[in-house]
Every structure is written in C-alpha cells, then in structure tokens.
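What follows is coords_9.txt (compact mmCIF, C-alpha atoms and all ligand atoms).
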```
# COMPACT_ATOMS: atom_id res chain seq x y z
CA MET A 14 -20.59 -46.01 -108.26
CA ASN A 15 -17.26 -44.48 -109.16
CA VAL A 16 -14.49 -46.35 -107.33
CA SER A 17 -11.65 -44.79 -109.30
CA THR A 18 -8.43 -44.45 -107.33
CA SER A 19 -7.01 -41.82 -109.68
CA VAL A 20 -5.43 -39.15 -107.52
CA SER A 21 -6.24 -35.47 -107.82
CA PRO A 22 -3.85 -32.99 -106.21
CA PRO A 23 -4.40 -33.04 -102.43
CA SER A 24 -6.61 -30.31 -101.04
CA GLY A 25 -7.69 -29.48 -97.50
CA PRO A 26 -6.04 -27.86 -94.49
CA LEU A 27 -3.18 -30.40 -94.47
CA ALA A 28 -2.43 -30.50 -98.21
CA ASN A 29 1.28 -31.15 -98.85
CA LYS A 30 1.84 -32.12 -95.20
CA VAL A 31 3.33 -35.45 -94.15
CA ALA A 32 1.89 -37.13 -91.05
CA LEU A 33 3.03 -40.09 -88.97
CA VAL A 34 0.49 -41.93 -86.81
CA LEU A 35 1.98 -44.28 -84.23
CA GLY A 36 -0.64 -46.84 -83.21
CA ALA A 37 -2.62 -46.61 -86.45
CA SER A 38 -3.86 -50.15 -87.06
CA ARG A 39 -7.26 -49.79 -85.38
CA GLY A 40 -9.40 -47.68 -83.05
CA ILE A 41 -8.66 -44.01 -82.52
CA GLY A 42 -5.34 -44.18 -84.41
CA ALA A 43 -6.88 -45.66 -87.57
CA ALA A 44 -9.71 -43.10 -87.46
CA THR A 45 -7.19 -40.28 -87.07
CA ALA A 46 -5.01 -41.55 -89.92
CA ARG A 47 -8.17 -41.46 -92.05
CA ALA A 48 -9.05 -37.93 -90.94
CA LEU A 49 -5.49 -36.66 -91.57
CA ALA A 50 -5.55 -38.21 -95.06
CA ARG A 51 -8.96 -36.70 -95.80
CA ALA A 52 -7.57 -33.32 -94.71
CA GLY A 53 -4.94 -33.72 -97.45
CA ALA A 54 -1.91 -35.15 -95.63
CA SER A 55 0.27 -38.01 -96.85
CA VAL A 56 0.24 -40.53 -94.03
CA VAL A 57 2.70 -43.04 -92.59
CA LEU A 58 0.79 -45.59 -90.53
CA ALA A 59 2.95 -47.28 -87.87
CA SER A 60 1.88 -50.02 -85.47
CA ARG A 61 2.72 -53.50 -84.30
CA ASP A 62 -0.05 -55.35 -86.10
CA ALA A 63 1.35 -55.56 -89.68
CA SER A 64 -1.66 -57.04 -91.49
CA ALA A 65 -4.28 -54.71 -89.95
CA LEU A 66 -1.91 -51.81 -90.58
CA GLU A 67 -1.49 -52.66 -94.27
CA ALA A 68 -5.29 -53.00 -94.61
CA ALA A 69 -5.76 -49.53 -93.05
CA ALA A 70 -3.13 -48.02 -95.39
CA ALA A 71 -4.64 -49.78 -98.42
CA HIS A 72 -8.04 -48.32 -97.54
CA LEU A 73 -6.58 -44.79 -97.48
CA ARG A 74 -4.90 -45.36 -100.86
CA TRP A 75 -8.23 -46.63 -102.21
CA GLU A 76 -9.77 -43.32 -101.06
CA GLY A 77 -7.11 -41.54 -103.13
CA ALA A 78 -4.66 -40.61 -100.37
CA GLN A 79 -0.95 -41.26 -100.23
CA ALA A 80 -0.34 -43.72 -97.41
CA ILE A 81 2.20 -46.35 -96.43
CA ALA A 82 2.28 -48.92 -93.64
CA VAL A 83 5.46 -49.29 -91.59
CA PRO A 84 5.19 -52.12 -89.03
CA THR A 85 6.63 -50.66 -85.84
CA ASP A 86 6.90 -51.84 -82.25
CA ALA A 87 6.94 -48.83 -79.92
CA LEU A 88 9.22 -50.82 -77.60
CA ASP A 89 11.94 -50.94 -80.27
CA ASP A 90 13.97 -47.74 -80.70
CA GLN A 91 15.31 -48.73 -84.13
CA GLN A 92 11.83 -49.43 -85.44
CA LEU A 93 10.64 -46.04 -84.17
CA ALA A 94 13.59 -44.36 -85.91
CA ARG A 95 12.75 -46.29 -89.08
CA ALA A 96 9.11 -45.11 -89.07
CA VAL A 97 10.29 -41.49 -89.02
CA HIS A 98 12.97 -42.24 -91.61
CA MET A 99 10.33 -43.78 -93.92
CA ALA A 100 8.28 -40.57 -93.77
CA VAL A 101 11.32 -38.55 -94.82
CA GLU A 102 12.43 -41.10 -97.43
CA THR A 103 9.00 -41.65 -98.99
CA PHE A 104 7.34 -38.24 -98.73
CA GLY A 105 10.28 -35.85 -98.25
CA GLY A 106 9.95 -34.90 -94.58
CA LEU A 107 7.77 -34.99 -91.49
CA ASP A 108 5.32 -32.23 -90.52
CA ILE A 109 2.84 -33.94 -88.18
CA ALA A 110 3.08 -36.79 -85.67
CA PHE A 111 0.28 -38.34 -83.62
CA ASN A 112 1.76 -40.53 -80.90
CA ASN A 113 -1.27 -42.64 -80.08
CA ALA A 114 0.10 -46.13 -79.41
CA GLY A 115 -0.99 -47.23 -75.99
CA SER A 116 -1.86 -50.14 -73.83
CA GLY A 117 -4.05 -50.51 -70.74
CA HIS A 118 -4.01 -53.20 -68.07
CA MET A 119 -6.77 -55.12 -66.32
CA PRO A 120 -8.16 -52.83 -63.60
CA ALA A 121 -6.78 -53.80 -60.17
CA PRO A 122 -5.49 -52.02 -57.07
CA LEU A 123 -1.77 -51.32 -57.40
CA ALA A 124 -0.65 -54.10 -55.02
CA GLU A 125 -2.36 -56.59 -57.35
CA LEU A 126 -0.86 -55.34 -60.63
CA THR A 127 1.93 -57.49 -62.02
CA THR A 128 5.35 -56.00 -62.64
CA LYS A 129 4.71 -56.84 -66.32
CA ASP A 130 1.60 -54.61 -66.23
CA ILE A 131 3.83 -51.83 -64.90
CA ASP A 132 6.66 -52.41 -67.41
CA ASP A 133 4.24 -52.63 -70.37
CA ALA A 134 2.48 -49.40 -69.41
CA ILE A 135 5.75 -47.52 -68.99
CA GLY A 136 7.33 -49.06 -72.10
CA ILE A 137 4.53 -48.39 -74.58
CA ASN A 138 2.62 -45.43 -73.15
CA LEU A 139 5.60 -43.42 -71.94
CA ARG A 140 9.02 -44.59 -73.14
CA GLY A 141 7.69 -45.30 -76.64
CA ILE A 142 6.23 -41.80 -76.89
CA LEU A 143 9.40 -40.13 -75.56
CA VAL A 144 11.64 -42.01 -78.00
CA ALA A 145 9.24 -41.43 -80.90
CA MET A 146 9.20 -37.70 -80.10
CA LYS A 147 13.01 -37.62 -80.00
CA PHE A 148 13.20 -38.87 -83.61
CA GLU A 149 10.18 -36.87 -84.81
CA LEU A 150 11.56 -33.62 -83.38
CA ALA A 151 14.88 -34.14 -85.16
CA ALA A 152 13.08 -34.64 -88.49
CA MET A 153 10.85 -31.60 -87.86
CA LEU A 154 13.87 -29.42 -87.02
CA ALA A 155 15.36 -30.42 -90.37
CA ARG A 156 12.06 -29.45 -92.02
CA GLY A 157 11.90 -26.09 -90.18
CA GLY A 158 8.78 -26.80 -88.10
CA GLY A 159 5.99 -29.21 -87.31
CA ALA A 160 3.22 -30.25 -84.95
CA ILE A 161 3.18 -33.17 -82.53
CA VAL A 162 0.04 -34.42 -80.79
CA ASN A 163 0.46 -36.95 -78.00
CA MET A 164 -2.18 -39.27 -76.58
CA SER A 165 -3.00 -39.06 -72.89
CA SER A 166 -6.40 -39.72 -71.29
CA THR A 167 -8.69 -38.38 -68.60
CA ALA A 168 -6.57 -40.83 -66.55
CA GLY A 169 -3.67 -38.46 -67.30
CA VAL A 170 -5.27 -35.54 -65.48
CA GLN A 171 -7.01 -37.33 -62.61
CA GLY A 172 -6.64 -40.58 -60.69
CA VAL A 173 -8.65 -43.64 -61.72
CA ARG A 174 -9.34 -46.54 -59.35
CA GLY A 175 -7.53 -49.71 -60.45
CA MET A 176 -5.47 -47.98 -63.13
CA ALA A 177 -2.37 -46.79 -61.25
CA ALA A 178 0.22 -47.86 -63.84
CA TYR A 179 -1.81 -46.65 -66.82
CA SER A 180 -2.71 -43.38 -65.10
CA ALA A 181 0.91 -42.74 -64.07
CA THR A 182 2.12 -43.05 -67.66
CA LYS A 183 -0.70 -40.89 -69.00
CA HIS A 184 0.15 -38.16 -66.44
CA ALA A 185 3.79 -38.44 -67.52
CA VAL A 186 2.86 -37.87 -71.17
CA VAL A 187 1.35 -34.54 -70.12
CA GLY A 188 4.68 -33.57 -68.50
CA ALA A 189 6.68 -34.69 -71.52
CA THR A 190 4.39 -32.70 -73.81
CA ARG A 191 4.56 -29.48 -71.81
CA SER A 192 8.35 -29.69 -71.45
CA ALA A 193 8.95 -30.41 -75.14
CA ALA A 194 6.55 -27.59 -76.05
CA LEU A 195 8.80 -25.20 -74.10
CA ASP A 196 11.97 -26.60 -75.69
CA TYR A 197 10.69 -26.17 -79.25
CA ALA A 198 8.23 -23.24 -79.07
CA ALA A 199 10.72 -20.84 -80.66
CA LYS A 200 11.73 -23.39 -83.29
CA GLY A 201 8.38 -23.65 -85.06
CA ILE A 202 7.36 -26.98 -83.53
CA ARG A 203 4.13 -27.15 -81.52
CA VAL A 204 3.57 -30.02 -79.07
CA ASN A 205 0.14 -30.69 -77.60
CA VAL A 206 -1.66 -33.57 -75.91
CA VAL A 207 -5.23 -34.84 -76.07
CA ALA A 208 -6.95 -36.37 -73.05
CA PRO A 209 -10.00 -38.34 -74.16
CA GLY A 210 -12.67 -39.79 -71.91
CA PRO A 211 -14.36 -43.07 -72.86
CA ILE A 212 -14.38 -43.49 -76.64
CA LEU A 213 -16.54 -45.99 -78.51
CA THR A 214 -13.84 -48.27 -79.89
CA ASP A 215 -14.40 -52.00 -80.49
CA ARG A 216 -13.42 -52.77 -76.90
CA LEU A 217 -16.16 -50.54 -75.48
CA LYS A 218 -18.65 -51.78 -78.09
CA ALA A 219 -17.98 -55.33 -76.89
CA LEU A 220 -19.01 -54.53 -73.31
CA PRO A 221 -22.48 -55.70 -72.24
CA GLU A 222 -25.07 -52.96 -71.73
CA GLU A 223 -24.91 -53.25 -67.91
CA ARG A 224 -21.17 -52.41 -67.98
CA ARG A 225 -21.46 -49.67 -70.60
CA ALA A 226 -24.35 -47.78 -69.00
CA PRO A 227 -22.43 -46.59 -65.89
CA ILE A 228 -19.55 -45.44 -68.10
CA GLU A 229 -22.00 -43.34 -70.13
CA ARG A 230 -23.73 -42.01 -67.01
CA ALA A 231 -20.39 -40.75 -65.61
CA VAL A 232 -20.02 -38.42 -68.62
CA PRO A 233 -21.93 -35.13 -68.18
CA MET A 234 -23.04 -35.32 -71.83
CA GLY A 235 -24.52 -38.75 -71.05
CA ARG A 236 -22.72 -40.62 -73.80
CA VAL A 237 -19.29 -41.90 -74.79
CA GLY A 238 -17.29 -40.20 -77.53
CA ALA A 239 -16.76 -41.31 -81.12
CA GLU A 240 -13.31 -42.07 -82.56
CA GLU A 241 -13.96 -39.32 -85.11
CA GLU A 242 -14.38 -36.76 -82.30
CA VAL A 243 -10.79 -37.43 -81.23
CA ALA A 244 -9.60 -37.51 -84.85
CA SER A 245 -11.09 -34.10 -85.69
CA THR A 246 -9.41 -32.53 -82.65
CA VAL A 247 -6.04 -33.98 -83.66
CA VAL A 248 -6.49 -32.65 -87.22
CA TRP A 249 -7.25 -29.20 -85.78
CA LEU A 250 -4.19 -29.29 -83.48
CA ALA A 251 -2.03 -30.38 -86.42
CA SER A 252 -3.31 -27.61 -88.68
CA ASP A 253 -2.47 -23.92 -88.94
CA ALA A 254 -5.88 -23.21 -87.35
CA ALA A 255 -4.10 -24.03 -84.06
CA SER A 256 -0.96 -22.04 -84.91
CA PHE A 257 -0.74 -20.33 -81.46
CA VAL A 258 -1.55 -23.48 -79.47
CA THR A 259 1.35 -25.31 -77.85
CA GLY A 260 1.81 -27.13 -74.54
CA ALA A 261 -1.97 -27.50 -74.29
CA VAL A 262 -3.82 -30.43 -72.72
CA ILE A 263 -7.10 -30.74 -74.60
CA PRO A 264 -9.86 -32.74 -72.88
CA ILE A 265 -12.17 -34.63 -75.27
CA ASP A 266 -14.44 -36.06 -72.64
CA GLY A 267 -17.98 -34.68 -72.79
CA GLY A 268 -17.25 -32.66 -69.64
CA ARG A 269 -15.97 -35.66 -67.61
CA THR A 270 -13.09 -33.68 -66.04
CA ALA A 271 -14.72 -30.23 -66.07
CA GLY A 272 -15.63 -30.48 -62.40
CA ALA A 273 -12.43 -32.21 -61.27
N1 LIG A 301 -10.57 -45.88 -76.16
C1 LIG A 301 -10.66 -45.04 -75.15
O1 LIG A 301 -11.71 -44.92 -74.50
C2 LIG A 301 -9.46 -44.20 -74.77
C3 LIG A 301 -9.64 -43.15 -73.85
C4 LIG A 301 -8.54 -42.36 -73.51
C5 LIG A 301 -7.30 -42.62 -74.07
N2 LIG A 301 -7.17 -43.66 -74.95
C6 LIG A 301 -5.84 -43.88 -75.51
O2 LIG A 301 -5.94 -43.81 -76.92
C7 LIG A 301 -4.96 -44.64 -77.52
C8 LIG A 301 -5.63 -45.55 -78.53
O3 LIG A 301 -6.63 -46.25 -77.85
P1 LIG A 301 -7.66 -47.24 -78.60
O4 LIG A 301 -8.82 -47.39 -77.69
O5 LIG A 301 -7.87 -46.82 -80.00
O6 LIG A 301 -6.80 -48.57 -78.47
P2 LIG A 301 -6.55 -49.81 -79.40
O7 LIG A 301 -6.05 -50.89 -78.52
O8 LIG A 301 -7.73 -50.08 -80.27
O9 LIG A 301 -5.36 -49.26 -80.33
C9 LIG A 301 -4.07 -49.11 -79.84
C10 LIG A 301 -3.14 -48.93 -81.00
O10 LIG A 301 -1.81 -48.91 -80.48
C11 LIG A 301 -1.07 -49.92 -81.12
N3 LIG A 301 -0.06 -50.47 -80.23
C12 LIG A 301 -0.25 -51.10 -79.04
N4 LIG A 301 0.96 -51.49 -78.56
C13 LIG A 301 1.90 -51.11 -79.46
C14 LIG A 301 3.30 -51.23 -79.56
N5 LIG A 301 4.03 -51.85 -78.61
N6 LIG A 301 3.92 -50.72 -80.63
C15 LIG A 301 3.23 -50.10 -81.61
N7 LIG A 301 1.90 -49.96 -81.58
C16 LIG A 301 1.25 -50.46 -80.53
C17 LIG A 301 -2.08 -50.97 -81.55
O11 LIG A 301 -1.56 -51.77 -82.60
C18 LIG A 301 -3.24 -50.09 -81.98
O12 LIG A 301 -3.02 -49.61 -83.29
C19 LIG A 301 -4.25 -45.35 -76.38
O13 LIG A 301 -3.04 -44.68 -76.07
C20 LIG A 301 -5.24 -45.24 -75.23
O14 LIG A 301 -4.58 -45.28 -73.99
C21 LIG A 301 -8.21 -44.44 -75.31
```
I'd like the structure from this file rewritten - as structure tokens, please.
Amino acid sequence: MNVSTSVSPPSGPLANKVALVLGASRGIGAATARALARAGASVVLASRDASALEAAAAHLRWEGAQAIAVPTDALDDQQLARAVHMAVETFGGLDIAFNNAGSGHMPAPLAELTTKDIDDAIGINLRGILVAMKFELAAMLARGGGAIVNMSSTAGVQGVRGMAAYSATKHAVVGATRSAALDYAAKGIRVNVVAPGPILTDRLKALPEERRAPIERAVPMGRVGAEEEVASTVVWLASDAASFVTGAVIPIDGGRTAGA
C-alpha cells in the first residue's frame, strides 16, 4: 500500500481555498474538515479539545492535505480571533468558515434546566458563532469574498420537548445567518445555515437500540443521517456550485421537518 504523504497540487472544487472549521475535533465537524480537505481546501481545525484536534489535523496531513490545529474555546473572543488570524497567517486568507461548535443539555422541561445549561447553550451555540462570524467576515472582506456556513438543527426551525435552551439558540443562529446574509450579499460573502436532524455521531451510536429506534422512526426516511451527509452539504454550500445561494436554511433531516 502506498502511504506516501508527498503532496500533489490541490485539485477539486475548493482547490486554493482556505477553510476554518470551528468545532472540528470530532463528530460532524471532523467529518466536514475531512470533506473540505478532500475537496482541495487548506483547513484550519479549531476546537477546545487540543489532543483530538491535533490528531484530526494530522490525519488530514497524512492524506496529503494542508491542515493545522488551533486549540480554540468558542467562549473566548481572543481565541476565536486567533483562529481566524492563523488562517490568514498560515494560508494567506480565509475563504470558507463552518461554525459548527455546539453543545446540548440534558433534556428537561425549561423550569428544570439549570441557569448553567442556559448560559452554556447561549455562550457556545449563539455568542460563539456571532463572535466567530464577526472575525471571519472581516477576514473575508479583506479577501474580497467568502462563504460562511453556520450550524443550526431541526431544533432551530421547530420546538423540541425538553430542549428549550438549545432550541432557542439554534433558532437564533438562523436569524443571525439571514441578517448577515443581507448585510454581505453585495460584498461577495454568502452566509447560509444547515439544520440537521439526528446524525449518527458517537453519542447516537452509544444509545441502546430501544432508545435509537424511536429516533429513527420519527424520520420519514426511517433512518438517521450520516456525518458525511452533513459534510457534503457544507462542501456544496461553500463551493461555487452554490454561488447564488445565500441566507438559506438547508434541512438535512430525511424529511423530518417537511411536514412541520
Ligand atoms: N449530532 C446530531 O444529531 C446533530 C443534529 C443537529 C445539529 N447538531 C449540531 O451539530 C454540531 C456538532 O454536533 P456533533 O453531534 O458532531 O457534536 P460533538 O459533541 O461530537 O462535537 C461538537 C464539537 O464542538 C466542539 N466544541 C464544543 N464546545 C466548544 C467550545 N466551547 N469551544 C470550541 N469548540 C467546542 C467540540 O470540541 C466538538 O469538536 C453541534 O452544533 C450540534 O448542535 C448535531
């Protein structure tokens, strides 16, 4: 087997593009960083978990991509600014950002959520994304254009029992996306948001069959989604194939919200 890491010039729809993935150490973010790299982009992986992040970046380099890990806490404005700065410093600019970092809370009716549950959801899922976008947009303006994809959820377009704080922040990401799309539409920057249904990440894989089955049954396609099915949609939104798409909320949910 040839395991050479010698690098040929990047090819693919995102060749010569620079992408930042916030929340890239595992799950959907790691899969999307991989898909962006395979589409030809140089990738900055940013997340809180430094060792998992470095392992994910090392794997992309082993595949022949250009990738760096920048440990970043989405609750820290300076660290968010640094992640964007590292893209510019290392690869010459920023063309694509996927703001995926997110955190759920244990399902419970709102009166039973802790104020920490509420603060964490707002801090990571909403404030972190707004601040990240602020820095990303500035870098993209300097570059003359770009594409941002934010992470929402089906919980961002409909209510979900027990998930009031999470759902509130995911709805807010939709508003932030649409507003920023209007602000930057004439400046060559597209801003879109994906709203996945249940995706087969490690957390869902760990659920016993009796808890997974009803989740699958609630999806009209009768199954949960794969991380790669989110990743391929983000690659499309980031590419010129989606050049007239901005302010869009793209469900990736097997039809879960089609009848909502
Ligand atoms: N898995 C699903 O079924 C599903 C469905 C809809 C939406 N989502 C959303 O997709 C995103 C990723 O979900 P996942 O299932 O892959 O989750 P995950 O927990 O496996 O990954 C979350 C990522 O965000 C990072 N992160 C968390 N807090 C952070 C912080 N403070 N600073 C920086 N990075 C931080 C983690 O390190 C990790 O890389 C989340 O925003 C989630 O709400 C997931």
- request: Dump the neighbourhood of ligand LIG 301 (chain A) as a PyMOL selection string: all residues within 9 Å, distances computed on all atoms listed in the file.
  value: chain A and resi 35-44+59-63+65-66+84-89+93+112-117+133+136-138+141+163-169+179+183+207-217+237-238+240+265-266
Might you pull out every residue within 12 Å of A:Trp249, with only C-alpha atoms counted and same-chain residues fewer than 2 positions away left off, and present them as an mmCIF file with C-alpha atoms, in the coordinates of the input?
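What landed in out.cif:
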```
data_model
loop_
_atom_site.group_PDB
_atom_site.id
_atom_site.type_symbol
_atom_site.label_atom_id
_atom_site.label_comp_id
_atom_site.auth_asym_id
_atom_site.auth_seq_id
_atom_site.Cartn_x
_atom_site.Cartn_y
_atom_site.Cartn_z
ATOM 1 C CA GLY A 25 -7.690 -29.480 -97.500
ATOM 2 C CA PRO A 26 -6.040 -27.860 -94.490
ATOM 3 C CA LEU A 27 -3.180 -30.400 -94.470
ATOM 4 C CA THR A 45 -7.190 -40.280 -87.070
ATOM 5 C CA ALA A 48 -9.050 -37.930 -90.940
ATOM 6 C CA LEU A 49 -5.490 -36.660 -91.570
ATOM 7 C CA ALA A 52 -7.570 -33.320 -94.710
ATOM 8 C CA ILE A 109 2.840 -33.940 -88.180
ATOM 9 C CA ALA A 160 3.220 -30.250 -84.950
ATOM 10 C CA ILE A 161 3.180 -33.170 -82.530
ATOM 11 C CA VAL A 162 0.040 -34.420 -80.790
ATOM 12 C CA ASN A 205 0.140 -30.690 -77.600
ATOM 13 C CA VAL A 207 -5.230 -34.840 -76.070
ATOM 14 C CA GLU A 242 -14.380 -36.760 -82.300
ATOM 15 C CA VAL A 243 -10.790 -37.430 -81.230
ATOM 16 C CA ALA A 244 -9.600 -37.510 -84.850
ATOM 17 C CA SER A 245 -11.090 -34.100 -85.690
ATOM 18 C CA THR A 246 -9.410 -32.530 -82.650
ATOM 19 C CA VAL A 247 -6.040 -33.980 -83.660
ATOM 20 C CA ALA A 251 -2.030 -30.380 -86.420
ATOM 21 C CA SER A 252 -3.310 -27.610 -88.680
ATOM 22 C CA ASP A 253 -2.470 -23.920 -88.940
ATOM 23 C CA ALA A 254 -5.880 -23.210 -87.350
ATOM 24 C CA ALA A 255 -4.100 -24.030 -84.060
ATOM 25 C CA SER A 256 -0.960 -22.040 -84.910
ATOM 26 C CA PHE A 257 -0.740 -20.330 -81.460
ATOM 27 C CA VAL A 258 -1.550 -23.480 -79.470
ATOM 28 C CA ILE A 263 -7.100 -30.740 -74.600
#
```
Given all atoms listed in the file as the counted atoms, nearest of A:Val187, A:Ala32, A:Leu126, A:Val97 to A:Ala80: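 Selected residue with least distance to A:Ala80: A:Ala32.
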query: Which polymer residues have any atom within 10 Å of an atom of A:Val204, counting only C-alpha atoms, with same-chain residues fewer than 5 positions away left out, as a list in words?
result: Ile109, Ala110, Met146, Leu150, Gly159, Ala160, Ile161, Val162, Asn163, Ala189, Thr190, Arg191, Ser192, Ala193, Ala194, Leu195, Asp196, Tyr197, Ala198, Leu250, Ala251, Val258, Thr259, Gly260, Ala261 and Val262 of chain A
query: With only C-alpha atoms as the basis for distance, which of A:Leu154, A:Met99, A:Met176, A:Leu139 is at the shortest distance from A:Ala199?
result: A:Leu154
field: Pick from A:Pro227, A:Ala94, A:Arg47, A:Val56 nearest to A:Ala82, counting only C-alpha atoms
entry: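 Among the listed residues, A:Val56 lies closest to A:Ala82.
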Point-to-point distance in Å for atom CA of A:Ala121 and atom CA of A:Ala178: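 Taking atom CA of A:Ala178 and atom CA of A:Ala121, their separation equals 9.9 Å.
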Top pick for closest residue to A:Ala273, considering A:Pro221, A:Gly172, A:Gly201, A:Gly235 and counting all atoms listed in the file: A:Gly172
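In this model, the gap between atom CA of A:Val186 and atom CA of A:Val31 comes to 23.1 Å.
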Taking all atoms of stretch 208-218 of chain A that appear in the file, build a box with edges along x, y and z, extend it by 6 Å on every side, and state its centre and edge lengths in Å to one decimal, as lines of an AutoDock Vina configuration file.
```
center_x = -12.8
center_y = -44.6
center_z = -76.2
size_x = 23.7
size_y = 28.4
size_z = 20.6
```
- request: In Å, rounded to a single decimal, give me how far atom CA of A:Ala100 is from atom CA of A:Glu76.
  value: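 Atom-to-atom, atom CA of A:Glu76 to atom CA of A:Ala100, that is 19.7 Å.
Among the candidates A:Pro233, A:Pro264, A:Pro23, A:Gly53, the one nearest to A:Gln171 when counting all atoms listed in the file is A:Pro264.
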statement: The residue from A:Ala145, A:Val248, A:Ala151, A:Val173 with the smallest atom-to-atom distance to A:Lys200, counting all atoms listed in the file, is A:Ala151
